[in-house]
$ cat start-v2.txt   # compact mmCIF, C-alpha atoms
# COMPACT_ATOMS: atom_id res chain seq x y z
CA MET L 13 -210.19 95.82 56.41
CA LEU L 14 -209.06 94.44 53.09
CA ILE L 15 -207.15 95.52 50.04
CA PHE L 16 -209.04 94.96 46.84
CA LYS L 17 -207.09 94.88 43.56
CA LYS L 18 -209.11 92.79 41.19
CA SER L 19 -209.01 92.13 37.45
CA PHE L 20 -210.69 94.32 34.88
CA LEU L 21 -212.96 93.90 31.87
CA ILE L 22 -212.07 95.92 28.81
CA LEU L 23 -214.86 97.28 26.66
CA ILE L 24 -215.00 100.47 24.65
CA LEU L 25 -215.25 101.96 28.11
CA MET L 26 -212.93 100.27 30.57
CA LEU L 27 -214.82 99.00 33.60
CA CYS L 28 -212.69 97.97 36.50
CA SER L 29 -212.66 96.83 40.09
CA GLY L 30 -213.16 100.03 41.99
CA LEU L 31 -212.60 102.25 38.98
CA ALA L 32 -214.11 103.10 35.60
CA TYR L 33 -211.72 104.66 33.11
CA CYS L 34 -213.34 107.08 30.71
CA GLN L 35 -211.58 107.68 27.40
CA PRO L 36 -208.18 109.31 28.11
CA ASP L 37 -207.04 112.28 26.09
CA VAL L 38 -203.72 110.61 25.29
CA LEU L 39 -203.49 111.68 21.67
CA SER L 40 -204.24 115.38 22.15
CA ALA L 41 -200.86 116.29 23.64
CA ARG L 42 -197.63 114.43 24.15
CA ASN L 43 -196.94 115.77 27.63
CA ILE L 44 -200.44 116.35 29.04
CA ASN L 45 -203.23 113.85 29.50
CA THR L 46 -206.70 114.60 30.90
CA VAL L 47 -208.47 111.63 32.50
CA GLU L 48 -211.84 111.09 34.12
CA PHE L 49 -212.47 108.05 36.28
CA GLN L 50 -214.92 106.79 38.84
CA LEU L 51 -214.19 104.99 42.09
CA GLN L 52 -217.13 102.88 43.27
CA TYR L 53 -217.49 101.05 46.57
CA ASP L 54 -220.43 98.85 47.64
CA PHE L 55 -221.35 97.57 51.10
CA HIS L 56 -223.89 94.81 51.70
CA VAL L 57 -225.22 94.59 55.26
CA THR L 58 -226.55 91.09 55.90
CA GLY L 59 -226.88 91.10 59.68
CA ASN L 60 -227.16 93.39 62.67
CA THR L 61 -224.51 96.04 62.00
CA SER L 62 -224.79 99.30 63.90
CA LYS L 63 -222.10 101.36 62.20
CA ILE L 64 -219.62 101.38 59.29
CA LEU L 65 -216.60 103.70 59.06
CA PHE L 66 -215.05 103.89 55.60
CA ARG L 67 -211.88 105.74 54.59
CA VAL L 68 -210.44 106.13 51.09
CA PRO L 69 -207.50 108.15 49.70
CA VAL L 70 -208.39 110.72 47.05
CA PRO L 71 -205.81 112.29 44.71
CA ILE L 72 -204.89 115.96 45.02
CA SER L 73 -202.86 118.32 42.85
CA ILE L 74 -199.10 117.77 42.93
CA PRO L 75 -196.68 120.17 41.16
CA ASP L 76 -195.17 118.70 37.98
CA ARG L 77 -197.27 115.55 38.35
CA GLN L 78 -201.02 116.18 38.31
CA GLU L 79 -203.73 118.80 38.65
CA VAL L 80 -207.03 117.59 40.08
CA LEU L 81 -209.74 119.52 38.25
CA ASP L 82 -212.82 118.16 40.00
CA VAL L 83 -213.91 115.61 42.60
CA LYS L 84 -217.57 114.72 43.13
CA TYR L 85 -219.03 112.44 45.81
CA SER L 86 -222.32 110.58 45.51
CA VAL L 87 -222.46 110.56 49.31
CA LYS L 88 -221.24 113.52 51.32
CA PRO L 89 -218.15 112.55 53.35
CA ARG L 90 -218.23 113.02 57.10
CA ARG L 91 -214.93 114.80 56.69
CA ILE L 92 -212.05 115.21 54.26
CA HIS L 93 -208.60 115.19 55.76
CA SER L 94 -206.31 117.25 53.56
CA LYS L 95 -202.81 118.17 54.66
CA ASP L 96 -199.55 118.41 52.70
CA SER L 97 -199.75 115.63 50.10
CA ASN L 98 -202.34 113.60 51.99
CA ASN L 99 -206.03 113.60 51.15
CA TYR L 100 -208.57 111.17 52.58
CA ALA L 101 -212.35 111.10 52.45
CA GLU L 102 -214.05 109.53 55.42
CA PHE L 103 -217.64 108.26 55.54
CA LEU L 104 -219.65 107.19 58.56
CA PHE L 105 -222.86 105.17 58.22
CA SER L 106 -224.93 104.77 61.40
CA LYS L 107 -227.66 102.13 61.31
CA PRO L 108 -226.66 101.37 57.70
CA LYS L 109 -229.12 100.27 55.07
CA GLU L 110 -228.83 96.86 53.48
CA ARG L 111 -227.08 98.32 50.44
CA ILE L 112 -224.69 101.28 50.46
CA THR L 113 -222.88 102.59 47.38
CA VAL L 114 -220.27 105.33 47.38
CA LYS L 115 -219.09 106.78 44.07
CA ILE L 116 -216.25 109.25 43.67
CA ASP L 117 -215.80 110.88 40.27
CA VAL L 118 -212.40 112.41 39.58
CA LYS L 119 -211.21 114.55 36.69
CA ALA L 120 -207.49 115.27 36.53
CA LYS L 121 -204.86 116.66 34.23
CA LEU L 122 -201.71 114.54 34.20
CA TYR L 123 -198.31 115.97 33.32
CA ARG L 124 -195.46 113.99 31.89
CA TYR L 125 -192.58 113.95 34.33
CA ASP L 126 -189.60 111.64 34.02
CA LEU L 127 -185.81 111.64 33.93
CA SER L 128 -185.64 113.35 30.54
CA ILE L 129 -187.90 116.18 31.76
CA ALA L 130 -186.13 116.46 35.12
CA ARG L 131 -182.78 116.89 33.39
CA LYS L 132 -184.00 120.07 31.77
CA SER L 133 -184.47 121.93 35.05
CA GLU L 134 -182.34 121.47 38.15
CA LYS L 135 -184.11 121.40 41.50
CA ASP L 136 -183.07 122.97 44.77
CA PRO L 137 -181.58 120.23 46.96
CA LEU L 138 -183.49 119.05 50.02
CA LEU L 139 -181.99 119.10 53.48
CA GLN L 140 -180.41 115.78 54.41
CA ASP L 141 -182.80 115.50 57.37
CA ASP L 142 -185.75 115.53 54.98
CA LEU L 143 -184.36 112.46 53.22
CA LYS L 144 -183.52 110.23 56.18
CA SER L 145 -186.81 108.34 56.16
CA PHE L 146 -186.28 107.47 52.51
CA LEU L 147 -182.92 105.86 53.26
CA ALA L 148 -184.05 103.68 56.17
CA ALA L 149 -185.15 100.06 56.04
CA GLU L 150 -188.87 99.46 56.59
CA LYS L 151 -191.50 96.81 56.08
CA TYR L 152 -191.29 95.47 52.51
CA ILE L 153 -188.31 97.75 51.74
CA GLU L 154 -185.71 95.75 53.66
CA ALA L 155 -182.66 97.79 52.71
CA ASP L 156 -180.64 96.41 55.63
CA ASP L 157 -181.22 92.73 54.81
CA PRO L 158 -177.95 90.87 54.02
CA LEU L 159 -179.28 89.62 50.68
CA ILE L 160 -180.29 93.15 49.65
CA GLN L 161 -176.98 94.55 50.83
CA GLN L 162 -175.04 91.93 48.90
CA ALA L 163 -176.96 92.57 45.69
CA ALA L 164 -176.70 96.34 46.10
CA GLY L 165 -172.95 96.21 46.54
CA GLY L 166 -172.48 94.91 43.02
CA LEU L 167 -174.61 97.62 41.44
CA LYS L 168 -172.61 100.74 42.27
CA GLY L 169 -171.90 102.79 39.19
CA THR L 170 -169.53 105.63 38.46
CA ASP L 171 -172.08 108.14 39.73
CA GLU L 172 -175.52 108.33 41.31
CA LEU L 173 -177.49 108.06 38.08
CA SER L 174 -175.48 105.15 36.70
CA THR L 175 -176.11 103.29 39.97
CA VAL L 176 -179.86 103.84 39.58
CA LYS L 177 -179.63 102.61 35.99
CA ASN L 178 -177.79 99.48 37.13
CA ILE L 179 -180.46 98.85 39.77
CA TYR L 180 -183.21 99.32 37.20
CA GLU L 181 -181.64 96.75 34.86
CA TYR L 182 -180.94 94.34 37.72
CA VAL L 183 -184.53 94.39 38.97
CA ILE L 184 -185.92 93.81 35.49
CA ASP L 185 -183.47 90.96 34.84
CA SER L 186 -184.08 89.38 38.24
CA ILE L 187 -187.88 89.31 38.40
CA THR L 188 -190.47 87.60 36.25
CA TYR L 189 -193.90 89.20 36.33
CA SER L 190 -196.19 86.83 38.22
CA GLY L 191 -199.50 88.51 37.62
CA TYR L 192 -201.40 90.14 40.45
CA LEU L 193 -200.53 88.94 43.95
CA LYS L 194 -203.22 89.37 46.60
CA ALA L 195 -200.76 90.25 49.36
CA ASP L 196 -197.64 92.40 49.45
CA HIS L 197 -194.42 90.42 49.91
CA GLY L 198 -191.58 92.90 49.67
CA ALA L 199 -188.06 93.22 48.35
CA VAL L 200 -186.49 90.14 49.97
CA TYR L 201 -189.31 87.94 48.67
CA ALA L 202 -188.79 89.32 45.17
CA LEU L 203 -185.06 88.67 45.36
CA LYS L 204 -185.50 85.11 46.64
CA LYS L 205 -188.47 84.01 44.55
CA LYS L 206 -187.48 85.91 41.39
CA LYS L 207 -191.09 86.88 40.77
CA GLY L 208 -193.73 89.41 41.75
CA ASP L 209 -196.17 92.02 40.56
CA CYS L 210 -195.60 95.77 40.27
CA SER L 211 -195.39 96.03 44.08
CA GLU L 212 -192.44 93.65 44.28
CA TYR L 213 -190.65 95.33 41.36
CA SER L 214 -191.03 98.64 43.17
CA TYR L 215 -190.12 97.36 46.64
CA LEU L 216 -186.93 95.74 45.35
CA PHE L 217 -185.98 98.79 43.29
CA ALA L 218 -186.48 101.08 46.31
CA ALA L 219 -184.61 98.76 48.68
CA LEU L 220 -181.57 98.51 46.40
CA CYS L 221 -181.49 102.29 45.98
CA ARG L 222 -181.63 102.83 49.74
CA ALA L 223 -178.95 100.20 50.29
CA ASN L 224 -176.76 102.29 47.98
CA ASN L 225 -177.54 105.43 50.02
CA ILE L 226 -179.88 106.84 47.37
CA PRO L 227 -183.25 108.03 48.77
CA ALA L 228 -186.23 106.24 47.24
CA LYS L 229 -189.94 106.05 47.97
CA PHE L 230 -192.68 103.62 47.03
CA VAL L 231 -195.52 105.29 45.09
CA GLU L 232 -199.06 104.04 44.70
CA GLY L 233 -201.85 105.11 42.38
CA TYR L 234 -203.19 104.39 38.91
CA ALA L 235 -201.54 104.06 35.51
CA PHE L 236 -203.94 104.68 32.64
CA ASP L 237 -201.97 103.09 29.83
CA GLY L 238 -204.50 100.59 28.54
CA GLU L 239 -203.55 97.71 30.84
CA LYS L 240 -206.27 95.60 32.44
CA GLU L 241 -205.30 96.71 35.95
CA PRO L 242 -204.91 100.49 36.32
CA ARG L 243 -203.97 100.21 39.99
CA HIS L 244 -200.23 100.40 39.97
CA ASP L 245 -197.06 100.93 42.01
CA TRP L 246 -193.83 102.62 40.98
CA VAL L 247 -190.88 104.42 42.60
CA GLU L 248 -189.51 107.92 42.91
CA VAL L 249 -185.78 108.35 43.48
CA TYR L 250 -184.12 111.48 44.84
CA LEU L 251 -181.22 112.54 42.63
CA GLU L 252 -179.05 115.40 43.88
CA LYS L 253 -179.14 117.25 40.55
CA TYR L 254 -182.80 116.76 39.72
CA GLY L 255 -184.80 116.13 42.88
CA TRP L 256 -187.49 113.43 42.97
CA VAL L 257 -187.68 111.51 39.69
CA PRO L 258 -190.16 108.68 38.94
CA PHE L 259 -189.09 105.29 37.59
CA ASP L 260 -191.33 102.34 36.74
CA PRO L 261 -189.35 99.09 36.66
CA ALA L 262 -192.45 96.91 36.12
CA LYS L 263 -193.38 98.77 32.94
CA GLY L 264 -189.74 98.65 31.88
CA ASP L 265 -189.69 94.85 31.92
CA VAL L 266 -189.83 94.32 28.17
CA GLU L 267 -187.60 92.23 25.93
CA HIS L 268 -186.82 94.96 23.41
CA ALA L 269 -183.56 96.55 24.61
CA GLY L 270 -184.27 99.89 22.96
CA LEU L 271 -187.75 100.14 24.50
CA ARG L 272 -186.42 99.18 27.91
CA LYS L 273 -183.80 101.94 27.70
CA LYS L 274 -186.42 104.42 26.57
CA ARG L 275 -188.73 103.59 29.46
CA PHE L 276 -185.94 104.25 31.95
CA GLN L 277 -185.96 107.92 31.06
CA ASN L 278 -189.32 108.49 29.35
CA LEU L 279 -192.72 107.93 30.95
CA MET L 280 -196.10 108.74 29.45
CA PRO L 281 -198.41 111.15 31.32
CA VAL L 282 -200.65 108.35 32.57
CA TYR L 283 -199.86 108.27 36.30
CA VAL L 284 -202.32 109.34 38.99
CA TYR L 285 -200.64 109.68 42.38
CA LEU L 286 -202.45 108.73 45.57
CA PRO L 287 -201.41 109.95 49.04
CA PRO L 288 -198.11 108.51 50.32
CA THR L 289 -198.43 105.07 51.88
CA ASN L 290 -196.11 106.05 54.73
CA ASP L 291 -199.05 107.94 56.25
CA GLU L 292 -200.08 104.56 57.63
CA LYS L 293 -202.43 105.63 60.42
CA ARG L 294 -204.96 107.08 57.99
CA ILE L 295 -205.72 103.74 56.37
CA GLU L 296 -204.25 101.43 59.01
CA ASN L 297 -201.48 100.02 56.81
CA TYR L 298 -203.84 99.26 53.95
CA HIS L 299 -203.62 100.72 50.50
CA TYR L 300 -206.61 101.85 48.46
CA ILE L 301 -209.29 101.60 51.14
CA ALA L 302 -209.94 100.70 54.75
CA TYR L 303 -213.20 100.12 56.59
CA TRP L 304 -214.37 99.19 60.06
CA TYR L 305 -217.74 97.89 61.22
CA TRP L 306 -219.54 97.47 64.53
CA GLY L 307 -221.72 94.39 64.83
CA ASP L 308 -222.10 91.63 62.25
CA LYS L 309 -219.61 91.39 59.41
CA VAL L 310 -220.45 93.29 56.23
CA GLN L 311 -219.67 92.38 52.64
CA PHE L 312 -217.57 94.83 50.66
CA LYS L 313 -216.93 95.11 46.95
CA ASP L 314 -215.32 97.75 44.78
CA GLN L 315 -216.39 97.62 41.15
$ encode --input "start-v2.txt" --output "structure tokens"
Amino acid sequence: MLIFKKSFLILILMLCSGLAYCQPDVLSARNINTVEFQLQYDFHVTGNTSKILFRVPVPISIPDRQEVLDVKYSVKPRRIHSKDSNNYAEFLFSKPKERITVKIDVKAKLYRYDLSIARKSEKDPLLQDDLKSFLAAEKYIEADDPLIQQAAGGLKGTDELSTVKNIYEYVIDSITYSGYLKADHGAVYALKKKKGDCSEYSYLFAALCRANNIPAKFVEGYAFDGEKEPRHDWVEVYLEKYGWVPFDPAKGDVEHAGLRKKRFQNLMPVYVYLPPTNDEKRIENYHYIAYWYWGDKVQFKDQ
């Protein structure tokens, strides 16, 4: 069971590890973007393996965020678990062949949603009980750690939104982008080492929000903005006036002050949301995929 987030090759058509990005419709509309991409997974059976169980999250429609127009599977899933905002395809291969390839083609319409859009329409507040889990400390989001608490204490603003803005600036000023890290390290690591990839930016941002009693959740998916690595992490913060609002501190880490300010409140419609990572049992604490095998070890590659 491994997480695979590898580097990409950019051609006219972007080919990537586990995903092929097919010509986004970015220029057709400022607030809507239609994307088509392919997830591909390959198994190589080199020994005596009796069974392979493979599970992968698949995006579903989310109000104000994305509308999944079509999903096609090259291999019929054994089952698709779909409940609330969770959607997982599961494949079972008994007496597997030497080579197995699973392709999932997705077409989705992405909607721009950010602070500037959220400000235009107030949301009904959630019950406090619904937000408790997004205030608690957890693995990688160590909101109760003394170092996190100390840093958070100096970031309180005059109101909820100004506190979030202070946290955003603090995270960007505190971390240097390290390039992709194979393993997750979390908020405390980011604060101590002063470096990380988009995961650490997001973990630290979420932890500092929670330490200031502002609900925040870690979000995982893809960002189709022309970068080499579409797999991406960001954060959604619950603001009393506006509901859940996305912020992307990693993409906001730019030197130009005006662009940094703009990216705090304006995000392009390039984000594809995957099921929440707090539904850990479905993929056994892994991110984009999980697989199990019975017998000799199998080789796995997403490309």
$ residues_around --input "start-v2.txt" --residues "Leu216 (chain L)" --least-positions-apart "5" --cutoff "7 Å" --atoms "all atoms listed in the file" --output "PDB file with C-alpha atoms, in the coordinates of the input"
ATOM      1  CA  ILE L 153    -188.310  97.750  51.740  1.00  0.00           C
ATOM      2  CA  VAL L 183    -184.530  94.390  38.970  1.00  0.00           C
ATOM      3  CA  GLY L 198    -191.580  92.900  49.670  1.00  0.00           C
ATOM      4  CA  ALA L 199    -188.060  93.220  48.350  1.00  0.00           C
ATOM      5  CA  ALA L 202    -188.790  89.320  45.170  1.00  0.00           C
TER       6      ALA L 202
END
$ atom_distance --input "start-v2.txt" --atom1 "CA of Ala155 (chain L)" --atom2 "CA of Glu212 (chain L)"
13.6 Å
$ atom_distance --input "start-v2.txt" --atom1 "CA of Val57 (chain L)" --atom2 "CA of Arg111 (chain L)"
6.4 Å
$ closest_residue --input "start-v2.txt" --among "L:Tyr303, L:Tyr213, L:Tyr123, L:Tyr189" --to "Tyr285 (chain L)" --atoms "all atoms listed in the file"
L:Tyr123
$ atom_distance --input "start-v2.txt" --atom1 "CA of Thr113 (chain L)" --atom2 "CA of Phe312 (chain L)"
10.0 Å
$ closest_residue --input "start-v2.txt" --among "L:Arg222, L:Lys263, L:Lys253, L:Lys115" --to "Leu51 (chain L)" --atoms "all atoms listed in the file"
L:Lys115
$ closest_residue --input "start-v2.txt" --among "L:Pro281, L:Gly270, L:Pro108, L:Pro242" --to "Tyr125 (chain L)" --atoms "only C-alpha atoms"
L:Pro281
$ residues_around --input "start-v2.txt" --residues "Arg275 (chain L)" --least-positions-apart "3" --cutoff "12 Å" --atoms "only C-alpha atoms" --output "list in words"
Asp126, Leu127, Ser128, Lys177, Tyr180, Glu181, Ile184, Pro258, Phe259, Asp260, Pro261, Ala262, Lys263, Gly264, Asp265, Val266, Glu267, His268, Ala269, Gly270, Leu271, Arg272, Asn278, Leu279 and Met280 of chain L
$ residues_around --input "start-v2.txt" --residues "Asn224 (chain L)" --least-positions-apart "4" --cutoff "9 Å" --atoms "all atoms listed in the file" --output "list in words"
Leu147, Ala155, Gln161, Ala164, Gly165, Leu167, Lys168, Thr175, Ala219 and Leu220 of chain L
$ closest_residue --input "start-v2.txt" --among "L:Gly307, L:Gly238, L:Pro227, L:Pro287" --to "Trp256 (chain L)" --atoms "all atoms listed in the file"
L:Pro227
$ residues_around --input "start-v2.txt" --residues "His93 (chain L)" --least-positions-apart "6" --cutoff "10 Å" --atoms "only C-alpha atoms" --output "list in words"
Pro69, Val70, Asn99, Tyr100, Ala101, Glu102 and Arg294 of chain L
$ residues_near_point --input "start-v2.txt" --point "(-192.2, 97.7, 48.9)" --cutoff "10 Å" --atoms "only C-alpha atoms" --output "list in words"
Glu150, Lys151, Tyr152, Ile153, Glu154, Asp196, His197, Gly198, Ala199, Val200, Ala202, Cys210, Ser211, Glu212, Tyr213, Ser214, Tyr215, Leu216, Phe217, Ala218, Ala219, Lys229, Phe230, Val231, Asp245, Trp246 and Val247 of chain L
$ closest_residue --input "start-v2.txt" --among "L:Val80, L:Ile112, L:Val257, L:Val249" --to "Phe66 (chain L)" --atoms "only C-alpha atoms"
L:Ile112
$ residues_near_point --input "start-v2.txt" --point "(-227.7, 101.5, 61.7)" --cutoff "10 Å" --atoms "only C-alpha atoms" --output "NGL selection string"
:L and (57 or 60-64 or 105-110 or 306-307)
